[in-house]
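Here's target.cif, which has mmCIF, C-alpha atoms:
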data_data
loop_
_atom_site.label_atom_id
_atom_site.label_comp_id
_atom_site.auth_asym_id
_atom_site.auth_seq_id
_atom_site.Cartn_x
_atom_site.Cartn_y
_atom_site.Cartn_z
CA MET A 17 6.41 30.84 -34.46
CA LYS A 18 3.20 29.62 -32.79
CA THR A 19 2.74 27.02 -35.51
CA LYS A 20 6.25 25.62 -34.94
CA LEU A 21 5.67 25.49 -31.19
CA LEU A 22 2.39 23.61 -31.73
CA LEU A 23 4.12 21.11 -34.01
CA ILE A 24 6.83 20.51 -31.41
CA LEU A 25 4.23 19.92 -28.69
CA LEU A 26 2.32 17.53 -30.93
CA ALA A 27 5.52 15.66 -31.73
CA CYS A 28 6.37 15.36 -28.03
CA SER A 29 2.85 14.18 -27.29
CA GLY A 30 3.08 11.58 -30.03
CA ALA A 31 6.45 10.41 -28.70
CA LEU A 32 4.94 10.04 -25.22
CA HIS A 33 2.07 7.95 -26.53
CA ALA A 34 4.29 5.86 -28.78
CA GLN A 35 6.84 5.04 -26.13
CA SER A 36 7.09 1.55 -24.71
CA LEU A 37 6.25 0.64 -21.13
CA THR A 38 8.03 -1.80 -18.87
CA ILE A 39 6.35 -3.49 -15.95
CA GLU A 40 8.87 -1.88 -13.59
CA THR A 41 7.87 1.57 -14.88
CA CYS A 42 4.21 0.74 -14.34
CA TYR A 43 4.91 -0.35 -10.77
CA SER A 44 6.74 2.90 -10.06
CA LEU A 45 4.21 5.23 -11.70
CA ALA A 46 1.27 3.47 -10.05
CA ALA A 47 2.88 3.80 -6.62
CA GLU A 48 3.52 7.51 -7.22
CA ASN A 49 0.07 8.40 -8.56
CA TYR A 50 -2.32 6.22 -6.57
CA PRO A 51 -4.57 8.58 -4.52
CA LEU A 52 -3.73 6.81 -1.26
CA VAL A 53 -0.11 7.98 -1.55
CA LYS A 54 -1.25 11.47 -0.47
CA GLN A 55 -1.72 10.01 3.00
CA ARG A 56 2.07 9.91 3.45
CA GLU A 57 2.24 13.69 3.68
CA LEU A 58 -0.75 13.78 6.02
CA LEU A 59 0.85 11.24 8.35
CA ALA A 60 4.14 13.15 8.39
CA LYS A 61 2.38 16.44 9.16
CA SER A 62 0.25 14.88 11.89
CA ASN A 63 3.36 13.35 13.48
CA GLU A 64 5.14 16.71 13.35
CA TYR A 65 2.30 18.47 15.15
CA THR A 66 2.04 15.74 17.79
CA LEU A 67 5.77 15.83 18.55
CA GLN A 68 5.70 19.61 18.80
CA ASN A 69 2.85 19.43 21.28
CA LEU A 70 4.67 16.81 23.34
CA SER A 71 7.82 18.95 23.43
CA LYS A 72 5.83 21.77 24.98
CA GLY A 73 5.60 19.59 28.08
CA TYR A 74 9.15 20.75 28.89
CA LEU A 75 8.03 24.40 28.94
CA PRO A 76 6.83 26.10 32.16
CA GLN A 77 3.18 25.27 32.73
CA LEU A 78 0.94 28.11 33.91
CA THR A 79 -2.17 27.46 36.00
CA VAL A 80 -4.68 30.14 37.03
CA ALA A 81 -7.34 29.35 39.62
CA GLY A 82 -9.68 31.03 42.06
CA GLN A 83 -12.24 30.13 44.67
CA ALA A 84 -14.74 31.70 47.03
CA THR A 85 -15.91 29.69 50.04
CA TYR A 86 -18.10 29.99 53.10
CA GLN A 87 -17.27 27.79 56.04
CA SER A 88 -19.03 27.02 59.29
CA GLU A 89 -16.02 27.60 61.53
CA VAL A 90 -12.79 29.58 61.34
CA THR A 91 -9.54 29.44 63.26
CA GLN A 92 -9.64 31.32 66.56
CA VAL A 93 -7.00 32.04 69.21
CA PRO A 94 -8.38 30.50 72.45
CA ILE A 95 -6.88 33.15 74.74
CA SER A 96 -7.77 36.66 75.74
CA LEU A 97 -5.13 39.28 76.57
CA PRO A 98 -5.89 42.60 78.25
CA GLY A 99 -5.51 45.54 75.87
CA THR A 100 -5.14 43.26 72.88
CA ASP A 101 -7.78 42.83 70.21
CA ILE A 102 -7.33 39.55 68.40
CA PRO A 103 -9.30 39.74 65.13
CA THR A 104 -11.78 37.06 64.21
CA LEU A 105 -11.50 35.68 60.69
CA SER A 106 -14.46 35.97 58.34
CA LYS A 107 -16.28 32.80 57.44
CA ASP A 108 -16.40 33.89 53.78
CA GLN A 109 -12.94 33.48 52.30
CA TYR A 110 -11.52 34.23 48.82
CA LYS A 111 -8.46 33.20 46.90
CA PHE A 112 -7.23 33.92 43.39
CA TYR A 113 -3.80 32.75 42.32
CA GLY A 114 -1.53 31.77 39.45
CA GLU A 115 1.07 29.03 39.55
CA VAL A 116 4.00 28.29 37.27
CA ASN A 117 5.35 24.73 37.23
CA GLN A 118 8.64 23.75 35.63
CA THR A 119 9.28 20.04 35.24
CA LEU A 120 12.62 18.94 36.63
CA PHE A 121 12.05 15.20 36.35
CA ASP A 122 9.00 13.51 34.80
CA GLY A 123 10.25 9.93 34.91
CA GLY A 124 10.89 10.07 31.17
CA VAL A 125 7.19 10.31 30.28
CA ILE A 126 7.57 12.93 27.54
CA LYS A 127 10.54 11.13 26.02
CA GLN A 128 8.66 7.83 25.94
CA GLN A 129 5.55 9.52 24.55
CA LYS A 130 7.66 10.83 21.68
CA LEU A 131 9.15 7.39 21.04
CA THR A 132 5.68 5.84 21.16
CA GLN A 133 4.36 8.44 18.73
CA GLN A 134 7.27 7.77 16.38
CA SER A 135 6.55 4.05 16.56
CA ASN A 136 2.89 4.70 15.82
CA LEU A 137 3.91 6.75 12.79
CA GLU A 138 6.04 3.87 11.49
CA VAL A 139 3.10 1.51 11.93
CA GLU A 140 0.73 3.79 10.02
CA GLN A 141 3.29 4.39 7.28
CA GLN A 142 3.85 0.65 6.93
CA LYS A 143 0.11 0.03 6.75
CA LEU A 144 0.08 2.49 3.88
CA GLU A 145 2.92 0.60 2.19
CA VAL A 146 0.96 -2.64 2.56
CA GLU A 147 -2.03 -1.09 0.80
CA LEU A 148 0.13 0.43 -1.94
CA TYR A 149 1.86 -2.90 -2.50
CA LYS A 150 -1.46 -4.49 -3.44
CA ILE A 151 -1.46 -2.31 -6.57
CA LYS A 152 1.22 -4.58 -8.05
CA GLU A 153 -1.29 -7.42 -8.36
CA ARG A 154 -3.59 -5.21 -10.44
CA ILE A 155 -0.70 -3.97 -12.56
CA ASN A 156 0.30 -7.58 -13.26
CA GLN A 157 -3.20 -8.42 -14.51
CA LEU A 158 -3.45 -5.38 -16.78
CA PHE A 159 0.12 -5.45 -18.09
CA PHE A 160 0.18 -9.15 -18.94
CA GLY A 161 -3.35 -8.88 -20.31
CA MET A 162 -2.07 -6.33 -22.84
CA LEU A 163 0.97 -8.47 -23.56
CA LEU A 164 -1.16 -11.56 -24.22
CA VAL A 165 -3.49 -9.64 -26.54
CA ASP A 166 -0.52 -8.26 -28.49
CA GLU A 167 0.84 -11.76 -29.05
CA GLN A 168 -2.60 -13.03 -30.10
CA ILE A 169 -2.99 -10.17 -32.58
CA ARG A 170 0.39 -11.00 -34.12
CA GLN A 171 -0.53 -14.66 -34.40
CA THR A 172 -3.88 -13.79 -35.99
CA GLU A 173 -2.03 -11.79 -38.62
CA LEU A 174 0.07 -14.88 -39.39
CA LEU A 175 -3.12 -16.91 -39.65
CA LYS A 176 -4.52 -14.41 -42.14
CA GLN A 177 -1.34 -14.74 -44.20
CA ASP A 178 -1.82 -18.51 -44.40
CA ILE A 179 -5.49 -18.09 -45.36
CA ASN A 180 -4.59 -15.53 -48.04
CA LEU A 181 -1.96 -17.91 -49.40
CA GLY A 182 -4.54 -20.67 -49.61
CA LEU A 183 -7.01 -18.24 -51.20
CA LYS A 184 -4.55 -17.34 -53.97
CA LYS A 185 -3.95 -21.00 -54.72
CA THR A 186 -7.68 -21.74 -54.71
CA GLN A 187 -8.38 -18.82 -57.04
CA ALA A 188 -5.73 -20.16 -59.41
CA ALA A 189 -7.35 -23.58 -59.27
CA ILE A 190 -10.78 -22.03 -59.98
CA ALA A 191 -9.32 -20.21 -62.97
CA ASN A 192 -7.95 -23.53 -64.24
CA GLY A 193 -11.30 -25.20 -63.67
CA THR A 194 -9.99 -27.61 -61.06
CA ALA A 195 -11.86 -26.14 -58.07
CA PHE A 196 -15.27 -24.75 -57.29
CA LYS A 197 -15.97 -21.11 -56.42
CA SER A 198 -17.38 -22.22 -53.07
CA SER A 199 -13.90 -23.32 -52.05
CA ALA A 200 -12.72 -19.70 -52.26
CA ASP A 201 -15.83 -18.55 -50.39
CA VAL A 202 -14.95 -20.83 -47.50
CA LEU A 203 -11.51 -19.23 -47.24
CA ARG A 204 -12.93 -15.71 -47.52
CA ALA A 205 -15.37 -16.43 -44.72
CA GLU A 206 -12.55 -17.69 -42.52
CA LEU A 207 -10.57 -14.58 -43.38
CA LEU A 208 -13.49 -12.44 -42.21
CA ASN A 209 -13.62 -14.45 -38.98
CA ALA A 210 -9.93 -13.68 -38.45
CA ASP A 211 -10.62 -9.98 -39.04
CA GLN A 212 -13.38 -10.09 -36.43
CA ARG A 213 -11.02 -11.76 -33.99
CA THR A 214 -8.50 -8.97 -34.56
CA THR A 215 -11.20 -6.35 -33.95
CA GLU A 216 -12.19 -8.02 -30.67
CA LEU A 217 -8.57 -8.30 -29.54
CA LYS A 218 -7.89 -4.64 -30.31
CA ALA A 219 -10.98 -3.61 -28.34
CA ALA A 220 -9.79 -5.69 -25.39
CA ARG A 221 -6.33 -4.12 -25.68
CA SER A 222 -7.82 -0.62 -25.63
CA ALA A 223 -9.74 -1.47 -22.46
CA TYR A 224 -6.59 -2.83 -20.79
CA ALA A 225 -4.62 0.27 -21.85
CA GLU A 226 -7.30 2.61 -20.52
CA MET A 227 -7.38 0.90 -17.12
CA LEU A 228 -3.59 0.75 -16.93
CA GLY A 229 -3.46 4.45 -17.83
CA LEU A 230 -5.72 5.24 -14.87
CA PHE A 231 -3.34 3.49 -12.50
CA ILE A 232 -0.16 5.15 -13.80
CA ASN A 233 -1.91 8.51 -14.36
CA ARG A 234 -0.94 8.66 -18.04
CA PRO A 235 -3.22 8.56 -21.07
CA LEU A 236 -2.35 5.48 -23.12
CA ASP A 237 -3.51 5.27 -26.71
CA ALA A 238 -3.44 2.46 -29.25
CA ASN A 239 0.21 3.17 -30.14
CA VAL A 240 1.65 2.41 -26.72
CA THR A 241 3.64 -0.79 -26.58
CA VAL A 242 4.44 -2.99 -23.60
CA GLU A 243 7.82 -4.67 -23.36
CA LYS A 244 7.88 -8.36 -22.66
CA PRO A 245 9.50 -8.80 -19.22
CA LYS A 246 12.50 -10.99 -18.68
CA THR A 247 12.19 -14.45 -17.21
CA LEU A 248 12.76 -14.32 -13.46
CA THR A 249 14.99 -16.30 -11.16
CA LEU A 250 12.63 -16.88 -8.29
CA SER A 251 13.37 -16.91 -4.57
CA SER A 252 11.18 -18.37 -1.83
CA ASP A 253 12.29 -15.78 0.75
CA ILE A 254 9.36 -13.64 1.91
CA ASN A 255 10.11 -9.91 2.07
CA ARG A 256 6.61 -8.48 2.00
CA PRO A 257 5.85 -5.10 3.65
CA GLU A 258 3.53 -6.94 6.04
CA ILE A 259 6.60 -8.45 7.74
CA THR A 260 7.96 -4.97 8.42
CA LEU A 261 4.52 -3.94 9.67
CA TYR A 262 4.51 -6.69 12.30
CA GLU A 263 8.01 -5.66 13.41
CA SER A 264 6.89 -2.03 13.72
CA GLN A 265 3.87 -3.06 15.78
CA ASN A 266 6.14 -4.99 18.18
CA LYS A 267 8.37 -1.92 18.50
CA THR A 268 5.31 0.12 19.44
CA ILE A 269 4.48 -2.35 22.21
CA ASP A 270 8.08 -2.08 23.48
CA ALA A 271 7.67 1.70 23.63
CA GLN A 272 4.32 1.34 25.45
CA TYR A 273 5.99 -0.91 28.04
CA LYS A 274 8.55 1.79 28.80
CA LEU A 275 5.84 4.44 28.90
CA LEU A 276 3.97 2.44 31.55
CA THR A 277 7.09 2.37 33.72
CA ALA A 278 7.74 6.08 33.22
CA ARG A 279 4.19 7.05 34.22
CA ASN A 280 4.53 5.25 37.55
CA LEU A 281 7.78 6.97 38.57
CA PRO A 282 7.82 10.00 40.92
CA LYS A 283 7.71 13.47 39.37
CA LEU A 284 9.74 16.47 40.54
CA ASN A 285 8.66 20.04 39.72
CA LEU A 286 9.88 23.55 40.50
CA PHE A 287 6.92 25.87 41.18
CA VAL A 288 6.16 29.50 41.99
CA GLN A 289 2.69 30.57 43.13
CA GLY A 290 1.46 34.10 43.53
CA GLY A 291 -2.00 35.22 44.50
CA TYR A 292 -4.40 37.54 46.24
CA GLY A 293 -6.98 36.60 48.84
CA ARG A 294 -8.46 36.67 52.31
CA PRO A 295 -6.80 35.29 54.30
CA ALA A 296 -3.44 35.15 52.58
CA LEU A 297 -0.48 33.36 54.16
CA ASN A 298 -1.04 35.07 57.48
CA MET A 299 -3.96 33.08 58.82
CA LEU A 300 -4.55 35.65 61.59
CA SER A 301 -5.11 38.52 59.17
CA ASN A 302 -8.66 39.20 58.00
CA ASP A 303 -7.57 41.58 55.23
CA PHE A 304 -7.17 40.99 51.49
CA GLU A 305 -3.46 40.59 50.85
CA ALA A 306 -1.12 39.52 48.06
CA TYR A 307 1.21 36.63 48.60
CA TYR A 308 3.69 34.35 46.86
CA ILE A 309 5.28 31.01 47.56
CA GLY A 310 7.87 28.95 45.69
CA GLY A 311 9.73 25.71 46.04
CA VAL A 312 10.14 22.17 44.84
CA ARG A 313 7.25 19.73 44.66
CA LEU A 314 7.47 15.94 44.60
CA ASN A 315 4.49 13.99 43.25
CA TRP A 316 4.19 10.25 43.11
CA SER A 317 0.83 8.85 42.18
CA LEU A 318 0.64 5.25 43.34
CA SER A 319 -2.79 4.57 41.86
CA GLY A 320 -1.15 3.52 38.58
CA LEU A 321 0.44 0.60 40.38
CA TYR A 322 -3.02 -0.90 40.92
CA THR A 323 -3.47 -1.54 37.18
CA LEU A 324 0.19 -1.88 36.16
CA LYS A 325 0.13 -5.67 36.12
CA LYS A 326 -3.02 -5.85 34.01
CA ASP A 327 -1.80 -3.11 31.70
CA LYS A 328 1.33 -5.13 30.98
CA ALA A 329 -0.79 -8.26 30.53
CA LEU A 330 -2.86 -6.40 27.91
CA LEU A 331 0.31 -5.43 26.05
CA ASP A 332 1.45 -9.06 26.17
CA LEU A 333 -1.88 -10.10 24.66
CA ASN A 334 -1.44 -7.53 21.90
CA ARG A 335 2.02 -8.93 21.18
CA LYS A 336 0.61 -12.46 20.98
CA THR A 337 -2.12 -11.22 18.65
CA ILE A 338 0.52 -9.76 16.35
CA ALA A 339 2.42 -13.06 16.43
CA VAL A 340 -0.76 -14.94 15.43
CA GLN A 341 -1.41 -12.48 12.61
CA LYS A 342 2.14 -12.89 11.35
CA GLU A 343 1.91 -16.68 11.56
CA THR A 344 -1.39 -16.64 9.65
CA PHE A 345 0.03 -14.32 7.01
CA LEU A 346 3.09 -16.52 6.50
CA PHE A 347 0.91 -19.63 6.30
CA ASN A 348 -1.35 -18.11 3.64
CA THR A 349 1.60 -16.67 1.74
CA ASN A 350 3.46 -19.98 1.68
CA TYR A 351 0.25 -21.70 0.59
CA SER A 352 -0.06 -19.25 -2.32
CA LEU A 353 3.60 -19.74 -3.18
CA ARG A 354 3.13 -23.50 -3.42
CA GLN A 355 0.23 -23.03 -5.81
CA GLN A 356 2.13 -20.48 -7.89
CA SER A 357 5.23 -22.69 -7.97
CA ALA A 358 3.07 -25.53 -9.28
CA GLU A 359 1.71 -23.17 -11.95
CA VAL A 360 5.23 -22.15 -12.99
CA ASN A 361 6.31 -25.78 -13.31
CA LYS A 362 3.14 -26.69 -15.25
CA TYR A 363 3.57 -23.96 -17.86
CA ALA A 364 7.29 -24.68 -18.17
CA GLU A 365 6.50 -28.33 -18.94
CA LEU A 366 3.78 -27.37 -21.42
CA LEU A 367 6.19 -25.11 -23.27
CA THR A 368 8.67 -27.95 -23.76
CA SER A 369 6.11 -29.82 -25.88
CA ASP A 370 4.59 -26.76 -27.58
CA ASN A 371 7.51 -26.40 -30.01
CA ASP A 372 7.26 -30.06 -31.03
CA ILE A 373 3.51 -29.75 -31.60
CA ILE A 374 4.00 -26.58 -33.66
CA ALA A 375 6.72 -28.22 -35.78
CA LEU A 376 4.44 -31.17 -36.53
CA ARG A 377 1.43 -28.97 -37.28
CA THR A 378 3.52 -26.72 -39.54
CA SER A 379 4.76 -29.72 -41.49
CA VAL A 380 1.20 -30.99 -41.96
CA LYS A 381 0.02 -27.51 -43.00
CA GLN A 382 2.79 -27.16 -45.57
CA THR A 383 1.87 -30.53 -47.02
CA ALA A 384 -1.78 -29.49 -47.11
CA SER A 385 -0.80 -26.28 -48.92
CA VAL A 386 0.90 -28.29 -51.65
CA GLN A 387 -2.06 -30.67 -51.81
CA LEU A 388 -4.46 -27.74 -52.10
CA GLU A 389 -2.41 -26.31 -54.94
CA ASN A 390 -2.54 -29.69 -56.74
CA GLY A 391 -6.25 -30.15 -56.08
CA VAL A 392 -5.78 -33.20 -53.89
CA ILE A 393 -7.67 -31.71 -50.94
CA THR A 394 -10.43 -29.13 -50.54
CA SER A 395 -10.21 -25.69 -48.97
CA ASN A 396 -11.98 -27.08 -45.88
CA ASP A 397 -9.26 -29.66 -45.45
CA TYR A 398 -6.63 -26.96 -45.82
CA LEU A 399 -8.37 -24.70 -43.30
CA ARG A 400 -8.52 -27.53 -40.79
CA GLU A 401 -4.73 -27.88 -40.88
CA VAL A 402 -4.19 -24.10 -40.85
CA ASN A 403 -6.44 -23.73 -37.79
CA ALA A 404 -4.73 -26.66 -36.08
CA GLU A 405 -1.34 -24.98 -36.50
CA ASP A 406 -2.82 -21.64 -35.38
CA LYS A 407 -4.24 -23.28 -32.28
CA ALA A 408 -0.85 -24.83 -31.49
CA ARG A 409 0.85 -21.43 -31.83
CA GLN A 410 -1.88 -19.73 -29.79
CA ASN A 411 -1.38 -22.33 -27.07
CA LYS A 412 2.33 -21.60 -26.98
CA ILE A 413 1.68 -17.85 -26.79
CA VAL A 414 -0.75 -18.33 -23.93
CA HIS A 415 1.62 -20.68 -22.11
CA GLU A 416 4.53 -18.23 -22.45
CA ILE A 417 2.51 -15.33 -21.07
CA GLN A 418 0.97 -17.52 -18.37
CA LEU A 419 4.46 -18.64 -17.34
CA LEU A 420 5.59 -15.01 -17.04
CA MET A 421 2.39 -14.11 -15.18
CA ALA A 422 2.92 -16.98 -12.75
CA GLN A 423 6.55 -15.96 -12.20
CA TYR A 424 5.69 -12.31 -11.57
CA ALA A 425 2.74 -13.30 -9.38
CA GLN A 426 5.14 -15.42 -7.31
CA GLN A 427 7.61 -12.54 -7.24
CA THR A 428 4.85 -10.22 -6.04
CA THR A 429 3.75 -12.74 -3.41
CA THR A 430 7.28 -13.05 -1.97
CA GLY A 431 7.85 -9.29 -2.09
CA ASN A 432 11.34 -9.62 -3.55
CA SER A 433 12.43 -6.68 -5.70
CA LEU A 434 12.79 -7.12 -9.43
#

As structure tokens, the full file:
Amino acid sequence: MKTKLLLILLACSGALHAQSLTIETCYSLAAENYPLVKQRELLAKSNEYTLQNLSKGYLPQLTVAGQATYQSEVTQVPISLPGTDIPTLSKDQYKFYGEVNQTLFDGGVIKQQKLTQQSNLEVEQQKLEVELYKIKERINQLFFGMLLVDEQIRQTELLKQDINLGLKKTQAAIANGTAFKSSADVLRAELLNADQRTTELKAARSAYAEMLGLFINRPLDANVTVEKPKTLTLSSDINRPEITLYESQNKTIDAQYKLLTARNLPKLNLFVQGGYGRPALNMLSNDFEAYYIGGVRLNWSLSGLYTLKKDKALLDLNRKTIAVQKETFLFNTNYSLRQQSAEVNKYAELLTSDNDIIALRTSVKQTASVQLENGVITSNDYLREVNAEDKARQNKIVHEIQLLMAQYAQQTTTGNSL
């Protein structure tokens, strides 16, 4: 039973490693597994705690205070009545009290603080999205790097087939006495060079796969395949997360404007104060007594009006700073898009002539193959034509992948979804 279970697990593991990857899957897995993504939960928890603390501003607020003083003069009654002893207050006085305040109207400060905090959360979350979005550029490099190497490996195998074909014909000519042994050695040496190229390409592919595996948090072995993405229909509209970030920052400034207004409005509280001291409420009593007092208190601090104008001016400057940052971002993005658009057009034009070049080189190679078989040309001449065709095919492979890379780079720059 344990053996069967082990075989099943091994089969599943092999299926995982042998499965193909799309660039969309890599984007998704990288976004889910990048360490920075853990910050989302931290931001949400921090926001939750902050809002809870702000909500406690609506609860009754308890203040406990006490004081002991000595003063140079005390209140005295400036009359003297026969048979009446008017006590003289002590110059050392004591007071200990507790006060409960219940907010009736705070000008909307707590509400605006909550809205400001929520806006700040959106800004921080969007900053995180901006950083996570940058991963796409790295995924593009690694994914298309693997794709290019795969195509080059396949083309090298075709090259080796052509060399082997020429080698068979040369060996037949040597057997017939119409060619020298050195002609076969030349082809064998070129075949070894092709094997070395394949070894180098496979090593490069393993390095790409290892780095891509780190980003998507999956071990990728030599059996993993990458699917060639579809050709894109490009749009010049810019929908990058940075745009949303600038909008969120402007919303935060709007909330801060309202908070400024709320802080400078009058505040109305209901309060109850109870205490113990000498003197208490009866200023003519020199005894320690308990007391209480309750009522409604109106507070209106006008000192905030002194800086209100400058505070708003600072917020206006912050808004202008955001506008400049957005303008700079759009300028740089459009500049990159122009360059990438030129790249797309260049590779598209190169591809239109690649097929013609390959057709011509293939025709020349086929003729050279017949000539080699008939002893008209040497193996060096044949190799020259084989390598020329291989170079033409390699150029087409590179141009195709470069075209896709340029398209996906432009797609990443605009921020439009696939």

Result set, the PyMOL selection byres ((chain A and resi 363-372) around 9) on current file, as a count of residues only: 19

Run through the PyMOL selection byres ((chain A and resi 300-308) around 10) on the given coordinates and return the selected residues as a PyMOL selection string. chain A and resi 91-93+102-107+109-115+288-299+309-310

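You can rank A:Thr260, A:Ser395, A:Asn280, A:Thr429 by their closest distance to Asn315 of chain A using all atoms listed in the file, and at the top of that list sits A:Asn280.
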
Give me the residues near Phe287 of chain A as a ChimeraX atom specification, where near means some atom within 6 Å (using all atoms listed in the file) and where sequence neighbours in that chain fewer than 6 positions away do not count. /A:116-117,310-311

Near segment 199-220 of chain A, 10 Å: segment 113-181 of chain A residue rows, closest pairs, only C-alpha atoms, as CSV:
residue,atom,partner,partner_atom,distance
A:Gly161,CA,A:Ala220,CA,8.8
A:Met162,CA,A:Ala220,CA,8.2
A:Leu164,CA,A:Leu217,CA,9.7
A:Val165,CA,A:Leu217,CA,6.0
A:Asp166,CA,A:Leu217,CA,8.1
A:Gln168,CA,A:Leu217,CA,7.6
A:Ile169,CA,A:Thr214,CA,6.0
A:Arg170,CA,A:Thr214,CA,9.1
A:Gln171,CA,A:Thr214,CA,9.8
A:Thr172,CA,A:Ala210,CA,6.5
A:Glu173,CA,A:Ala210,CA,8.1
A:Leu175,CA,A:Ala210,CA,7.6
A:Lys176,CA,A:Leu207,CA,6.2
A:Gln177,CA,A:Leu207,CA,9.3
A:Asp178,CA,A:Leu207,CA,9.6
A:Ile179,CA,A:Leu203,CA,6.4
A:Asn180,CA,A:Leu207,CA,7.6
A:Leu181,CA,A:Leu203,CA,9.9

How far is it from atom CA of Ile232 of chain A to atom CA of Thr430 of chain A, in Å with one decimal? 22.9 Å

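Among A:Ser44, A:Gln77, A:Asn239, A:Gln265, the residue with the shortest atom-to-atom distance to Thr337 of chain A, counting all atoms listed in the file, is A:Gln265.
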
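Residue nearest Arg234 of chain A, chosen from A:Ile126, A:Tyr50, A:Gln83, A:Asp108 and counting only C-alpha atoms: A:Tyr50.
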
Contacts of segment 275-279 of chain A at 7 Å or less, counting all atoms listed in the file, minus same-chain residues fewer than 5 places along, as an mmCIF file with C-alpha atoms, in the coordinates of the input?
data_model
loop_
_atom_site.group_PDB
_atom_site.id
_atom_site.type_symbol
_atom_site.label_atom_id
_atom_site.label_comp_id
_atom_site.auth_asym_id
_atom_site.auth_seq_id
_atom_site.Cartn_x
_atom_site.Cartn_y
_atom_site.Cartn_z
ATOM 1 C CA GLY A 123 10.250 9.930 34.910
ATOM 2 C CA GLY A 124 10.890 10.070 31.170
ATOM 3 C CA VAL A 125 7.190 10.310 30.280
ATOM 4 C CA GLN A 128 8.660 7.830 25.940
ATOM 5 C CA GLN A 129 5.550 9.520 24.550
#

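Here the question is which of A:Tyr65, A:Tyr74, A:Tyr86, A:Phe121 gets nearest to Gln133 of chain A using only C-alpha atoms, and that residue is A:Tyr65.
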